[in-house]
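Participant: Got a file for you: final_31.csv, CSV, C-alpha atoms and all ligand atoms.
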```
chain,number,residue,atom,x,y,z
A,101,MET,CA,-62.8,-38.1,32.3
A,102,ALA,CA,-61.1,-36.1,35.0
A,103,LEU,CA,-61.4,-32.3,35.3
A,104,ILE,CA,-58.0,-30.8,35.5
A,105,LEU,CA,-56.6,-27.3,36.0
A,106,ALA,CA,-53.2,-27.4,34.2
A,107,ILE,CA,-50.3,-25.0,34.2
A,108,ASP,CA,-47.3,-24.8,31.8
A,109,THR,CA,-44.4,-22.3,32.2
A,110,SER,CA,-41.7,-24.4,30.6
A,111,CYS,CA,-40.3,-21.8,28.3
A,112,ASP,CA,-41.7,-18.5,27.0
A,113,GLU,CA,-45.5,-18.9,27.3
A,114,THR,CA,-47.4,-18.5,30.5
A,115,SER,CA,-50.4,-20.7,30.3
A,116,ALA,CA,-53.2,-22.3,32.2
A,117,ALA,CA,-56.2,-24.4,31.1
A,118,VAL,CA,-59.1,-26.4,32.3
A,119,VAL,CA,-59.7,-29.7,30.5
A,120,ASP,CA,-62.0,-32.7,30.7
A,121,GLY,CA,-59.8,-35.4,29.3
A,122,GLN,CA,-59.0,-34.3,25.7
A,123,ARG,CA,-61.7,-31.6,25.8
A,124,ILE,CA,-60.6,-28.1,26.3
A,125,LEU,CA,-63.0,-26.2,28.5
A,126,SER,CA,-60.8,-23.1,28.8
A,127,SER,CA,-57.3,-22.2,27.7
A,128,VAL,CA,-55.2,-19.0,28.3
A,129,VAL,CA,-51.8,-18.6,26.7
A,130,TYR,CA,-49.9,-15.4,27.4
A,131,SER,CA,-46.9,-15.3,25.0
A,132,GLN,CA,-43.8,-13.5,26.0
A,133,ILE,CA,-42.5,-13.3,22.5
A,134,LEU,CA,-42.3,-9.5,22.4
A,135,ILE,CA,-40.1,-9.6,25.5
A,136,HIS,CA,-37.6,-12.0,24.0
A,137,LYS,CA,-37.7,-10.9,20.3
A,138,GLN,CA,-35.3,-8.0,20.9
A,139,TRP,CA,-32.7,-10.4,22.3
A,140,GLY,CA,-33.0,-12.8,19.4
A,141,GLY,CA,-34.0,-15.7,21.7
A,142,VAL,CA,-35.5,-16.6,25.0
A,143,VAL,CA,-33.7,-15.0,28.0
A,144,PRO,CA,-34.3,-17.3,31.1
A,145,ASN,CA,-34.4,-14.7,33.8
A,146,LEU,CA,-36.8,-12.4,31.8
A,147,ALA,CA,-39.0,-15.5,31.2
A,148,LYS,CA,-39.1,-16.3,34.9
A,149,ARG,CA,-40.0,-12.7,35.9
A,150,ALA,CA,-42.8,-12.6,33.3
A,151,HIS,CA,-44.2,-15.9,34.4
A,152,VAL,CA,-44.2,-14.8,38.1
A,153,GLU,CA,-45.9,-11.5,37.2
A,154,ARG,CA,-48.5,-13.0,34.9
A,155,LEU,CA,-49.3,-16.4,36.4
A,156,ASP,CA,-52.0,-15.3,38.9
A,157,SER,CA,-54.0,-13.5,36.3
A,158,VAL,CA,-53.5,-16.3,33.7
A,159,VAL,CA,-54.8,-18.9,36.1
A,160,ALA,CA,-57.7,-16.7,37.2
A,161,ASN,CA,-58.7,-16.1,33.6
A,162,ALA,CA,-58.6,-19.9,32.8
A,163,LEU,CA,-60.9,-20.5,35.8
A,164,LYS,CA,-63.2,-17.7,34.9
A,165,LYS,CA,-63.6,-19.0,31.3
A,166,TYR,CA,-64.2,-22.5,32.6
A,167,ASN,CA,-66.8,-21.2,34.9
A,168,SER,CA,-68.6,-19.4,32.1
A,169,ILE,CA,-69.1,-22.8,30.5
A,170,ALA,CA,-69.5,-25.0,33.5
A,171,LYS,CA,-71.6,-22.5,35.5
A,172,VAL,CA,-70.3,-23.7,38.8
A,173,THR,CA,-71.1,-20.4,40.4
A,174,ASP,CA,-71.8,-16.7,39.6
A,175,TRP,CA,-68.4,-15.1,38.9
A,176,ASN,CA,-67.4,-12.1,40.9
A,177,GLY,CA,-63.7,-12.9,41.3
A,178,SER,CA,-63.7,-13.1,45.1
A,179,PRO,CA,-61.7,-15.8,46.9
A,180,GLU,CA,-64.8,-17.8,47.9
A,181,TYR,CA,-65.8,-18.0,44.3
A,182,VAL,CA,-62.4,-19.2,43.2
A,183,GLU,CA,-62.6,-21.7,46.0
A,184,LYS,CA,-66.0,-23.0,44.7
A,185,ILE,CA,-64.6,-23.4,41.2
A,186,MET,CA,-61.5,-25.1,42.4
A,187,HIS,CA,-63.6,-27.5,44.4
A,188,SER,CA,-65.4,-28.6,41.2
A,189,LEU,CA,-62.1,-29.8,39.7
A,190,ASP,CA,-60.4,-33.2,40.3
A,191,ALA,CA,-56.7,-32.2,40.3
A,192,VAL,CA,-54.0,-29.7,39.4
A,193,ALA,CA,-51.4,-30.7,36.8
A,194,VAL,CA,-48.2,-28.9,36.0
A,195,THR,CA,-45.2,-29.3,33.7
A,196,TYR,CA,-42.1,-30.2,35.7
A,197,GLY,CA,-39.7,-30.7,32.7
A,198,PRO,CA,-38.1,-30.5,30.2
A,199,GLY,CA,-37.7,-26.8,29.9
A,200,LEU,CA,-35.9,-23.8,31.4
A,201,ALA,CA,-35.2,-24.5,35.1
A,202,VAL,CA,-36.2,-21.0,36.4
A,203,ALA,CA,-39.3,-20.9,34.2
A,204,LEU,CA,-40.5,-24.4,35.2
A,205,GLU,CA,-40.1,-23.4,38.9
A,206,ALA,CA,-42.6,-20.6,38.5
A,207,GLY,CA,-45.4,-22.9,37.4
A,208,ILE,CA,-44.5,-25.6,40.0
A,209,VAL,CA,-44.6,-23.1,42.9
A,210,LYS,CA,-48.0,-21.9,41.8
A,211,ALA,CA,-49.4,-25.5,41.3
A,212,LYS,CA,-48.2,-26.6,44.7
A,213,GLU,CA,-49.8,-23.5,46.3
A,214,LEU,CA,-53.2,-24.3,44.6
A,215,SER,CA,-52.9,-28.0,45.4
A,216,ASN,CA,-52.3,-27.3,49.0
A,217,ARG,CA,-54.8,-24.6,49.5
A,218,TYR,CA,-57.7,-26.4,47.8
A,219,HIS,CA,-56.7,-30.0,48.8
A,220,LYS,CA,-56.4,-31.2,45.2
A,221,PRO,CA,-54.0,-33.9,44.1
A,222,LEU,CA,-50.9,-32.6,42.3
A,223,ILE,CA,-49.8,-34.3,39.0
A,224,GLY,CA,-46.4,-33.6,37.5
A,225,VAL,CA,-46.5,-33.8,33.7
A,226,ASN,CA,-43.7,-34.3,31.2
A,227,HIS,CA,-44.0,-31.4,28.7
A,228,MET,CA,-43.0,-33.6,25.7
A,229,GLU,CA,-45.9,-36.0,26.5
A,230,GLY,CA,-48.1,-32.9,26.3
A,231,HIS,CA,-46.9,-32.2,22.8
A,232,ILE,CA,-47.8,-35.8,21.8
A,233,TYR,CA,-51.3,-35.6,23.3
A,234,SER,CA,-51.8,-32.1,21.7
A,235,VAL,CA,-52.8,-33.8,18.5
A,236,PHE,CA,-55.8,-35.5,20.2
A,237,MET,CA,-57.2,-32.3,21.7
A,238,GLN,CA,-60.9,-31.4,21.1
A,239,ASN,CA,-63.1,-28.4,21.6
A,240,ARG,CA,-65.6,-28.6,24.4
A,241,ASN,CA,-68.1,-30.3,22.1
A,242,GLY,CA,-65.7,-33.1,21.4
A,243,ASN,CA,-64.6,-32.1,17.9
A,244,PRO,CA,-62.7,-33.2,16.0
A,245,GLU,CA,-63.3,-36.8,16.9
A,246,ARG,CA,-59.9,-38.3,17.6
A,247,PRO,CA,-60.1,-41.9,19.0
A,248,PHE,CA,-56.8,-43.4,20.1
A,249,GLN,CA,-55.6,-46.1,17.8
A,250,PHE,CA,-52.3,-47.3,19.0
A,251,PRO,CA,-49.6,-47.8,18.0
A,252,TYR,CA,-48.3,-44.5,16.7
A,253,LEU,CA,-45.1,-43.1,15.4
A,254,ALA,CA,-44.8,-39.6,17.0
A,255,LEU,CA,-42.5,-36.9,15.7
A,256,LEU,CA,-41.9,-33.9,18.0
A,257,VAL,CA,-40.2,-30.9,16.4
A,258,SER,CA,-39.8,-27.7,18.2
A,259,GLY,CA,-37.2,-25.1,19.1
A,260,GLY,CA,-35.7,-27.3,21.7
A,261,HIS,CA,-36.5,-30.9,20.5
A,262,THR,CA,-36.5,-33.2,17.6
A,263,GLU,CA,-37.6,-36.7,18.6
A,264,LEU,CA,-39.0,-39.7,17.0
A,265,ILE,CA,-41.0,-41.9,19.4
A,266,HIS,CA,-42.8,-45.2,19.1
A,267,MET,CA,-46.0,-44.8,21.2
A,268,LYS,CA,-47.3,-48.2,22.0
A,269,GLY,CA,-50.2,-47.3,24.2
A,270,HIS,CA,-51.3,-44.6,26.7
A,271,ARG,CA,-48.1,-43.1,28.1
A,272,THR,CA,-45.9,-46.0,26.9
A,273,TYR,CA,-43.1,-44.8,24.7
A,274,GLU,CA,-39.9,-45.9,23.2
A,275,LEU,CA,-37.5,-43.2,22.0
A,276,LEU,CA,-36.3,-44.2,18.6
A,277,GLY,CA,-34.1,-41.2,17.8
A,278,GLU,CA,-33.4,-37.6,18.5
A,279,THR,CA,-31.2,-34.8,17.3
A,280,VAL,CA,-27.5,-35.1,18.1
A,281,ASP,CA,-27.1,-31.3,18.0
A,282,ASP,CA,-29.6,-28.6,17.0
A,283,ALA,CA,-33.4,-29.1,17.0
A,284,GLY,CA,-35.3,-28.7,13.8
A,285,GLY,CA,-36.9,-25.4,14.8
A,286,GLU,CA,-33.6,-24.1,16.2
A,287,ALA,CA,-32.0,-24.8,12.8
A,288,LEU,CA,-34.7,-22.7,11.1
A,289,ASP,CA,-34.3,-20.0,13.7
A,290,LYS,CA,-30.5,-19.9,13.1
A,291,ALA,CA,-30.9,-19.8,9.3
A,292,ALA,CA,-33.4,-17.0,9.7
A,293,LYS,CA,-30.9,-15.1,11.8
A,294,MET,CA,-28.2,-15.5,9.2
A,295,LEU,CA,-30.6,-14.2,6.6
A,296,GLY,CA,-31.4,-11.2,8.8
A,297,LEU,CA,-35.0,-12.2,9.3
A,298,GLY,CA,-35.4,-12.0,13.0
A,299,TYR,CA,-36.8,-14.4,15.6
A,300,PRO,CA,-38.6,-16.8,15.6
A,301,GLY,CA,-37.5,-18.0,12.2
A,302,GLY,CA,-39.8,-20.8,11.3
A,303,PRO,CA,-42.9,-18.8,10.3
A,304,VAL,CA,-41.0,-16.2,8.2
A,305,ILE,CA,-39.0,-19.0,6.4
A,306,GLU,CA,-42.3,-20.7,5.7
A,307,GLN,CA,-43.7,-17.6,4.2
A,308,LEU,CA,-40.7,-16.7,2.0
A,309,ALA,CA,-40.4,-20.3,0.8
A,310,GLN,CA,-44.1,-20.4,-0.1
A,311,GLU,CA,-43.6,-17.3,-2.3
A,312,VAL,CA,-41.3,-19.3,-4.6
A,313,HIS,CA,-43.4,-22.4,-4.3
A,314,ASN,CA,-40.9,-24.1,-2.1
A,315,GLU,CA,-38.3,-24.4,-4.9
A,316,ASP,CA,-35.1,-26.2,-3.9
A,317,ARG,CA,-32.8,-24.1,-6.0
A,318,TYR,CA,-29.6,-24.6,-4.0
A,319,ARG,CA,-29.9,-28.1,-2.8
A,320,PHE,CA,-28.1,-28.0,0.6
A,321,PRO,CA,-26.8,-31.3,2.1
A,322,ARG,CA,-29.3,-33.6,3.8
A,323,PRO,CA,-27.8,-34.3,7.2
A,324,MET,CA,-27.6,-37.9,8.4
A,325,ALA,CA,-29.4,-39.1,5.3
A,326,LYS,CA,-27.2,-42.1,5.0
A,327,SER,CA,-26.9,-43.1,8.7
A,328,LYS,CA,-28.9,-46.2,9.3
A,329,ASP,CA,-30.6,-45.0,12.5
A,330,TYR,CA,-33.3,-42.6,13.6
A,331,GLN,CA,-31.0,-39.7,14.7
A,332,PHE,CA,-31.1,-36.2,13.4
A,333,SER,CA,-28.4,-33.6,13.0
A,334,PHE,CA,-28.7,-30.1,11.7
A,335,SER,CA,-25.4,-28.4,12.7
A,336,GLY,CA,-23.5,-29.5,9.6
A,337,LEU,CA,-26.3,-28.1,7.4
A,338,LYS,CA,-26.2,-24.8,9.3
A,339,THR,CA,-22.4,-24.6,8.7
A,340,SER,CA,-22.6,-25.3,5.1
A,341,PHE,CA,-25.4,-22.7,4.8
A,342,LEU,CA,-23.2,-20.1,6.5
A,343,TYR,CA,-20.3,-20.8,4.1
A,344,PHE,CA,-22.6,-20.7,1.2
A,345,LEU,CA,-23.9,-17.2,2.3
A,346,ARG,CA,-20.4,-15.9,2.8
A,347,GLU,CA,-19.4,-17.1,-0.7
A,348,MET,CA,-22.5,-15.6,-2.2
A,349,GLY,CA,-22.0,-12.1,-0.7
A,350,GLU,CA,-24.5,-9.7,0.9
A,351,GLU,CA,-26.0,-8.3,-2.3
A,352,GLU,CA,-26.8,-11.7,-3.9
A,353,LYS,CA,-28.0,-13.0,-0.6
A,354,ASN,CA,-30.6,-10.2,-0.3
A,355,LYS,CA,-31.7,-10.7,-3.8
A,356,ASN,CA,-32.3,-14.4,-3.2
A,357,LEU,CA,-33.7,-14.6,0.3
A,358,ARG,CA,-36.8,-16.5,-0.8
A,359,TYR,CA,-34.8,-19.2,-2.6
A,360,LEU,CA,-32.3,-19.4,0.3
A,361,ALA,CA,-35.1,-19.8,2.8
A,362,SER,CA,-36.9,-22.3,0.7
A,363,SER,CA,-33.8,-24.5,0.0
A,364,PHE,CA,-32.8,-24.5,3.6
A,365,GLN,CA,-36.3,-25.4,4.8
A,366,GLU,CA,-36.4,-28.2,2.2
A,367,ALA,CA,-33.1,-29.7,3.5
A,368,VAL,CA,-34.5,-29.7,7.1
A,369,PHE,CA,-37.8,-31.2,6.1
A,370,ASP,CA,-36.2,-33.8,3.9
A,371,SER,CA,-34.1,-35.1,6.7
A,372,ILE,CA,-37.1,-35.2,9.1
A,373,LEU,CA,-39.2,-37.1,6.5
A,374,LEU,CA,-36.4,-39.4,5.6
A,375,LYS,CA,-36.0,-40.7,9.2
A,376,THR,CA,-39.7,-40.8,9.8
A,377,GLU,CA,-40.1,-42.9,6.7
A,378,ARG,CA,-37.3,-45.2,7.8
A,379,ALA,CA,-39.0,-45.8,11.1
A,380,MET,CA,-42.4,-46.3,9.4
A,381,LYS,CA,-40.9,-49.0,7.3
A,382,GLU,CA,-38.7,-50.7,9.9
A,383,LYS,CA,-41.3,-50.6,12.7
A,384,GLY,CA,-44.3,-51.2,10.5
A,385,LEU,CA,-46.1,-48.1,11.7
A,386,ASN,CA,-48.4,-46.1,9.4
A,387,ARG,CA,-50.2,-43.8,11.9
A,388,ILE,CA,-48.1,-40.7,12.5
A,389,LEU,CA,-48.5,-37.9,15.1
A,390,VAL,CA,-46.7,-34.6,14.5
A,391,GLY,CA,-46.5,-32.1,17.4
A,392,GLY,CA,-44.4,-29.1,18.5
A,393,GLY,CA,-43.9,-25.6,17.1
A,394,VAL,CA,-42.7,-26.7,13.6
A,395,SER,CA,-45.9,-28.7,13.1
A,396,ALA,CA,-47.6,-25.4,12.4
A,397,ASN,CA,-45.8,-25.4,9.0
A,398,ARG,CA,-48.4,-26.0,6.3
A,399,TYR,CA,-45.8,-27.2,3.8
A,400,LEU,CA,-44.5,-29.7,6.3
A,401,ARG,CA,-48.1,-30.9,6.9
A,402,LYS,CA,-48.5,-31.3,3.1
A,403,ARG,CA,-45.4,-33.4,2.8
A,404,PHE,CA,-46.4,-35.6,5.7
A,405,ARG,CA,-49.8,-36.2,4.1
A,406,ARG,CA,-48.1,-37.2,0.9
A,407,LEU,CA,-45.8,-39.6,2.7
A,408,VAL,CA,-48.5,-41.4,4.7
A,409,ARG,CA,-50.6,-41.8,1.5
A,410,GLN,CA,-47.9,-44.1,0.1
A,411,TYR,CA,-48.3,-46.3,3.1
A,412,GLN,CA,-52.1,-46.2,3.3
A,413,GLY,CA,-51.6,-44.5,6.7
A,414,GLU,CA,-52.8,-41.3,8.4
A,415,VAL,CA,-51.1,-38.4,10.0
A,416,LEU,CA,-52.5,-36.2,12.8
A,417,PHE,CA,-51.5,-32.7,13.7
A,418,PRO,CA,-52.8,-30.4,16.4
A,419,SER,CA,-56.2,-29.1,15.2
A,420,PHE,CA,-56.1,-25.7,16.8
A,421,SER,CA,-53.3,-23.3,15.9
A,422,TYR,CA,-52.4,-22.5,19.5
A,423,LEU,CA,-51.8,-26.2,20.2
A,424,THR,CA,-48.7,-26.3,18.0
A,425,GLY,CA,-46.9,-24.0,20.4
A,426,ASP,CA,-46.6,-24.4,24.2
A,427,ASN,CA,-49.9,-24.4,26.0
A,428,ALA,CA,-51.3,-25.8,29.3
A,429,ALA,CA,-54.3,-27.6,27.6
A,430,MET,CA,-52.1,-30.4,26.4
A,431,ILE,CA,-50.6,-30.7,29.8
A,432,GLY,CA,-54.1,-31.1,31.2
A,433,ALA,CA,-54.9,-33.9,28.7
A,434,VAL,CA,-51.9,-35.9,30.0
A,435,GLY,CA,-52.8,-35.0,33.6
A,436,SER,CA,-56.3,-36.3,33.0
A,437,ILE,CA,-54.9,-39.7,31.9
A,438,MET,CA,-52.4,-39.7,34.8
A,439,PHE,CA,-55.3,-39.0,37.2
A,440,GLU,CA,-57.1,-42.1,35.9
A,441,GLN,CA,-53.9,-44.0,36.4
A,442,LYS,CA,-53.7,-42.6,39.9
A,443,GLN,CA,-50.3,-41.1,39.2
A,444,PHE,CA,-50.4,-38.3,41.7
A,445,MET,CA,-47.6,-36.9,43.9
A,446,LYS,CA,-47.9,-38.6,47.2
A,447,ASP,CA,-46.3,-35.5,48.7
A,448,PRO,CA,-47.1,-32.5,46.5
A,449,ASP,CA,-44.2,-30.6,48.1
A,450,ALA,CA,-41.8,-33.2,46.7
A,451,LEU,CA,-42.4,-32.3,43.1
A,452,GLU,CA,-39.1,-30.9,41.7
A,453,ARG,CA,-38.3,-29.4,38.3
A,454,GLU,CA,-36.4,-31.6,35.9
A,455,PRO,CA,-35.1,-29.4,33.1
A,456,ARG,CA,-33.7,-32.4,31.2
A,457,LEU,CA,-36.5,-34.9,31.6
A,458,LEU,CA,-36.8,-37.3,28.7
A,459,VAL,CA,-40.0,-38.6,27.2
A,460,ALA,CA,-38.9,-42.2,27.3
A,461,SER,CA,-38.4,-42.0,31.1
A,462,SER,CA,-42.1,-41.6,31.6
A,463,ALA,CA,-42.9,-45.0,30.1
A,501,LIG,O1,-43.0,-25.7,20.5
A,501,LIG,P1,-42.5,-24.3,20.4
A,501,LIG,O2,-43.5,-23.2,20.4
A,501,LIG,O3,-41.5,-24.0,21.5
A,501,LIG,C1,-40.5,-24.8,21.9
A,501,LIG,O4,-39.4,-24.8,21.3
A,501,LIG,O5,-40.8,-25.6,22.9
A,501,LIG,O6,-41.6,-24.3,19.1
A,501,LIG,C2,-41.0,-23.1,18.6
A,501,LIG,C3,-40.2,-23.4,17.3
A,501,LIG,C4,-39.4,-22.3,16.8
A,501,LIG,O7,-38.1,-22.8,16.5
A,501,LIG,C5,-40.1,-21.7,15.6
A,501,LIG,O8,-39.3,-21.2,14.6
A,501,LIG,C6,-40.8,-23.0,15.1
A,501,LIG,O9,-41.2,-23.7,16.3
A,501,LIG,N1,-42.0,-22.6,14.3
A,501,LIG,C7,-42.1,-23.0,13.0
A,501,LIG,C8,-43.4,-22.4,12.6
A,501,LIG,N2,-43.9,-21.8,13.7
A,501,LIG,C9,-43.1,-22.0,14.7
A,501,LIG,N3,-41.3,-23.6,12.2
A,501,LIG,C10,-41.7,-23.8,10.9
A,501,LIG,N4,-42.8,-23.3,10.4
A,501,LIG,C11,-43.7,-22.6,11.2
A,501,LIG,N5,-44.9,-22.1,10.7
A,502,ZN,ZN,-42.9,-27.2,23.8
```
Using structure tokens, write down the structure that the file contains.
Facilitator:
Amino acid sequence: MALILAIDTSCDETSAAVVDGQRILSSVVYSQILIHKQWGGVVPNLAKRAHVERLDSVVANALKKYNSIAKVTDWNGSPEYVEKIMHSLDAVAVTYGPGLAVALEAGIVKAKELSNRYHKPLIGVNHMEGHIYSVFMQNRNGNPERPFQFPYLALLVSGGHTELIHMKGHRTYELLGETVDDAGGEALDKAAKMLGLGYPGGPVIEQLAQEVHNEDRYRFPRPMAKSKDYQFSFSGLKTSFLYFLREMGEEEKNKNLRYLASSFQEAVFDSILLKTERAMKEKGLNRILVGGGVSANRYLRKRFRRLVRQYQGEVLFPSFSYLTGDNAAMIGAVGSIMFEQKQFMKDPDALEREPRLLVASSA
């Protein structure tokens, strides 16, 4: 497969990687979480500044790590050595959307610069396709073995997206449904904020819920449960959670944080699973891919495994923990397939950010 240097700066991780198809040869992810934590969410201009400041060293580190495996040359960090390593690669891939406009721009500028300087084709990658391909990634020895067996039903759940996609072949998608308001991860983040648990909310809610064995004590409403489509909605659930907390009062709330977290999480996951199961039945699909930040949740993984068992199917999640969040390796995997498909930018300078890019538009 093609050797790709990939860059992703779509949100709050600055990342670069070198991949050979699905194989990750090097991966560097610099998280900005500590910068944004104090503001309770991602601040675009701070994200941009951090990307610009860090990108050179993140790219250099990814090349250095790749070189330590590929042994293209003896590393000493000088421009000639970087040039030698760059010449051993086939192309540069970069996320051009969806994401925060100013953050995307930082990666695009860097990728254009590298593509021009080293005369490498430039490939613009859709970040959501990256999350889909993240479940197929392997270490440099090709483990775990993950052959493609189309078709799949892909569910992407992160802080910005909740999408159900019918994947018919390589890079061929039909968007079945998406959220009409908040994303699944965003709902968890907002609930965590209401409970005074900080940002990001997903991991801490998972932890608290697990402490009470994921008991569904309060049984909040399951949004869109009755709608006969594949859409998701979490804002009604959020509002009913808010009213419930007000009614309950501060003292009771603090006494019952675990049960509140657990019941909220259960409502979010139930509606995700409900729509996934509907699509499985109606589209006759039993191979599921789950990607995006929320796919890190072990309880969600367990529930998906239970679901697919009923349909003699299988479910795949990203194998390495850093692949659930944003990372450039998954962008490289898509870039590698696009390279085989000869989908380069004819004019690298023409690549523009598309903050609202849809996954279905890349079919
Ligand atoms: O994909 P991601 O890193 O960033 C984007 O939004 O693109 O996803 C972040 C989201 C946040 O909403 C976070 O709360 C959620 O993923 N998340 C989790 C877990 N880890 C991260 N949600 C549930 N359980 C987790 N363990
Ligand atoms: Zn993402």
Participant: If I put a ball of radius 10 Å at (-53.6, -31.7, 21.9) in the file's coordinates, which residues poke into it when counting only C-alpha atoms, written as a PyMOL selection string?
Facilitator: chain A and resi 122-124+229-238+391+417-420+422-424+427-434
Participant: Using all atoms listed in the file, give me every residue within 9 Å of (-54.7, -17.6, 33.8) in file coordinates, as a list in words.
Facilitator: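 Protein, DNA and RNA residues close to (-54.7, -17.6, 33.8): Ile107, Thr114, Ser115, Ala116, Ala117, Ser127, Val128, Val129, Tyr130, Arg154, Leu155, Asp156, Ser157, Val158, Val159, Ala160, Asn161, Ala162, Leu163 and Lys164 of chain A.
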Participant: Only C-alpha atoms, please: the residues just picked out, written as an mmCIF file, in the frame of the given file.
Facilitator:
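Writing the result to again-v6.cif gives the following:
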```
data_model
loop_
_atom_site.group_PDB
_atom_site.id
_atom_site.type_symbol
_atom_site.label_atom_id
_atom_site.label_comp_id
_atom_site.auth_asym_id
_atom_site.auth_seq_id
_atom_site.Cartn_x
_atom_site.Cartn_y
_atom_site.Cartn_z
ATOM 1 C CA ILE A 107 -50.300 -25.000 34.200
ATOM 2 C CA THR A 114 -47.400 -18.500 30.500
ATOM 3 C CA SER A 115 -50.400 -20.700 30.300
ATOM 4 C CA ALA A 116 -53.200 -22.300 32.200
ATOM 5 C CA ALA A 117 -56.200 -24.400 31.100
ATOM 6 C CA SER A 127 -57.300 -22.200 27.700
ATOM 7 C CA VAL A 128 -55.200 -19.000 28.300
ATOM 8 C CA VAL A 129 -51.800 -18.600 26.700
ATOM 9 C CA TYR A 130 -49.900 -15.400 27.400
ATOM 10 C CA ARG A 154 -48.500 -13.000 34.900
ATOM 11 C CA LEU A 155 -49.300 -16.400 36.400
ATOM 12 C CA ASP A 156 -52.000 -15.300 38.900
ATOM 13 C CA SER A 157 -54.000 -13.500 36.300
ATOM 14 C CA VAL A 158 -53.500 -16.300 33.700
ATOM 15 C CA VAL A 159 -54.800 -18.900 36.100
ATOM 16 C CA ALA A 160 -57.700 -16.700 37.200
ATOM 17 C CA ASN A 161 -58.700 -16.100 33.600
ATOM 18 C CA ALA A 162 -58.600 -19.900 32.800
ATOM 19 C CA LEU A 163 -60.900 -20.500 35.800
ATOM 20 C CA LYS A 164 -63.200 -17.700 34.900
#
```
Participant: Which polymer residues have any atom within 10 Å of an atom of region 345-348 of chain A, counting all atoms listed in the file, with same-chain residues fewer than 5 positions away left out, as a list of chain:residue names?
Facilitator: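 Skipping anything fewer than 5 positions along the chain leaves A:Met294, A:Leu295, A:Thr339, A:Ser340, A:Lys353, A:Asn354, A:Asn356, A:Leu360.
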Participant: Save the residues we just selected, C-alpha atoms, as an mmCIF file, in the frame of the given file?
Facilitator:
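Everything below was put into out.cif:
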```cif
data_model
loop_
_atom_site.group_PDB
_atom_site.id
_atom_site.type_symbol
_atom_site.label_atom_id
_atom_site.label_comp_id
_atom_site.auth_asym_id
_atom_site.auth_seq_id
_atom_site.Cartn_x
_atom_site.Cartn_y
_atom_site.Cartn_z
ATOM 1 C CA MET A 294 -28.200 -15.500 9.200
ATOM 2 C CA LEU A 295 -30.600 -14.200 6.600
ATOM 3 C CA THR A 339 -22.400 -24.600 8.700
ATOM 4 C CA SER A 340 -22.600 -25.300 5.100
ATOM 5 C CA LYS A 353 -28.000 -13.000 -0.600
ATOM 6 C CA ASN A 354 -30.600 -10.200 -0.300
ATOM 7 C CA ASN A 356 -32.300 -14.400 -3.200
ATOM 8 C CA LEU A 360 -32.300 -19.400 0.300
#
```
Participant: Go through chain A residue by residue and, counting only C-alpha atoms and all ligand atoms, keep those with an atom at most 6 Å from ligand LIG 501 (chain A); for each kept residue give the shortest atom pair and its distance in Å to one decimal, ordered by chain and increasing number, as a tab-separated table.
Facilitator:
```
residue	atom	partner	partner_atom	distance
A:Ser258	CA	A:LIG501	O6	4.0
A:Gly259	CA	A:LIG501	O4	3.1
A:Gly260	CA	A:LIG501	O4	4.5
A:Gly285	CA	A:LIG501	O7	3.3
A:Glu286	CA	A:LIG501	O7	4.7
A:Leu288	CA	A:LIG501	O8	6.0
A:Asp289	CA	A:LIG501	O8	5.2
A:Pro300	CA	A:LIG501	O8	4.6
A:Gly301	CA	A:LIG501	O8	4.4
A:Gly302	CA	A:LIG501	N3	3.3
A:Pro303	CA	A:LIG501	N5	3.9
A:Glu306	CA	A:LIG501	N4	5.4
A:Gly392	CA	A:LIG501	O1	4.2
A:Gly393	CA	A:LIG501	O6	3.3
A:Val394	CA	A:LIG501	N3	3.7
A:Ala396	CA	A:LIG501	N5	4.6
A:Asn397	CA	A:LIG501	N5	3.8
A:Gly425	CA	A:LIG501	O2	3.5
A:Asp426	CA	A:LIG501	O2	5.0
```
Participant: Which residue, A:Gly413, A:Pro198, A:Gly177, A:Gly141, has the smallest gap to ligand ZN 502 (chain A) when you use only C-alpha atoms and all ligand atoms?
Facilitator: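 Checking each of A:Gly413, A:Pro198, A:Gly177, A:Gly141 against ligand ZN 502 (chain A), counting only C-alpha atoms and all ligand atoms, the winner is A:Pro198.
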Participant: Report the distance between CA of Ala211 (chain A) and CA of Ala193 (chain A) in Å, rounded to one decimal place.
Facilitator: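 Computed distance, CA of Ala211 (chain A) to CA of Ala193 (chain A), equals 7.2 Å.
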Participant: From the options A:His261, A:Ile305, A:Ala106, A:Pro455, which residue's atoms come nearest to Arg398 (chain A), counting all atoms listed in the file?
Facilitator: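 Going through A:His261, A:Ile305, A:Ala106, A:Pro455 one by one, the smallest distance to Arg398 (chain A) is for A:Ile305.
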Participant: Just how far from CA of Asp282 (chain A) is CA of Phe334 (chain A), in Å to one decimal?
Facilitator: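 Between these atoms lies a distance of 5.6 Å.
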Participant: May I ask for the distance between CA of Tyr411 (chain A) and CA of Ala379 (chain A), given in Å to one decimal place?
Facilitator: 12.3 Å
Participant: Using all atoms listed in the file, which protein or nucleic acid residues come within 8 Å of Ile208 (chain A)? Drop anything in the same chain fewer than 6 positions from it, and give the result as a VMD selection string.
Facilitator: chain A and resid 194 to 196 451 to 453
Participant: How about saving the chosen residues, C-alpha atoms kept, as a PDB file, in the coordinates of the input?
Facilitator:
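So selection.pdb came out as:
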```pdb
ATOM      1  CA  VAL A 194     -48.200 -28.900  36.000  1.00  0.00           C
ATOM      2  CA  THR A 195     -45.200 -29.300  33.700  1.00  0.00           C
ATOM      3  CA  TYR A 196     -42.100 -30.200  35.700  1.00  0.00           C
ATOM      4  CA  LEU A 451     -42.400 -32.300  43.100  1.00  0.00           C
ATOM      5  CA  GLU A 452     -39.100 -30.900  41.700  1.00  0.00           C
ATOM      6  CA  ARG A 453     -38.300 -29.400  38.300  1.00  0.00           C
TER       7      ARG A 453
END
```
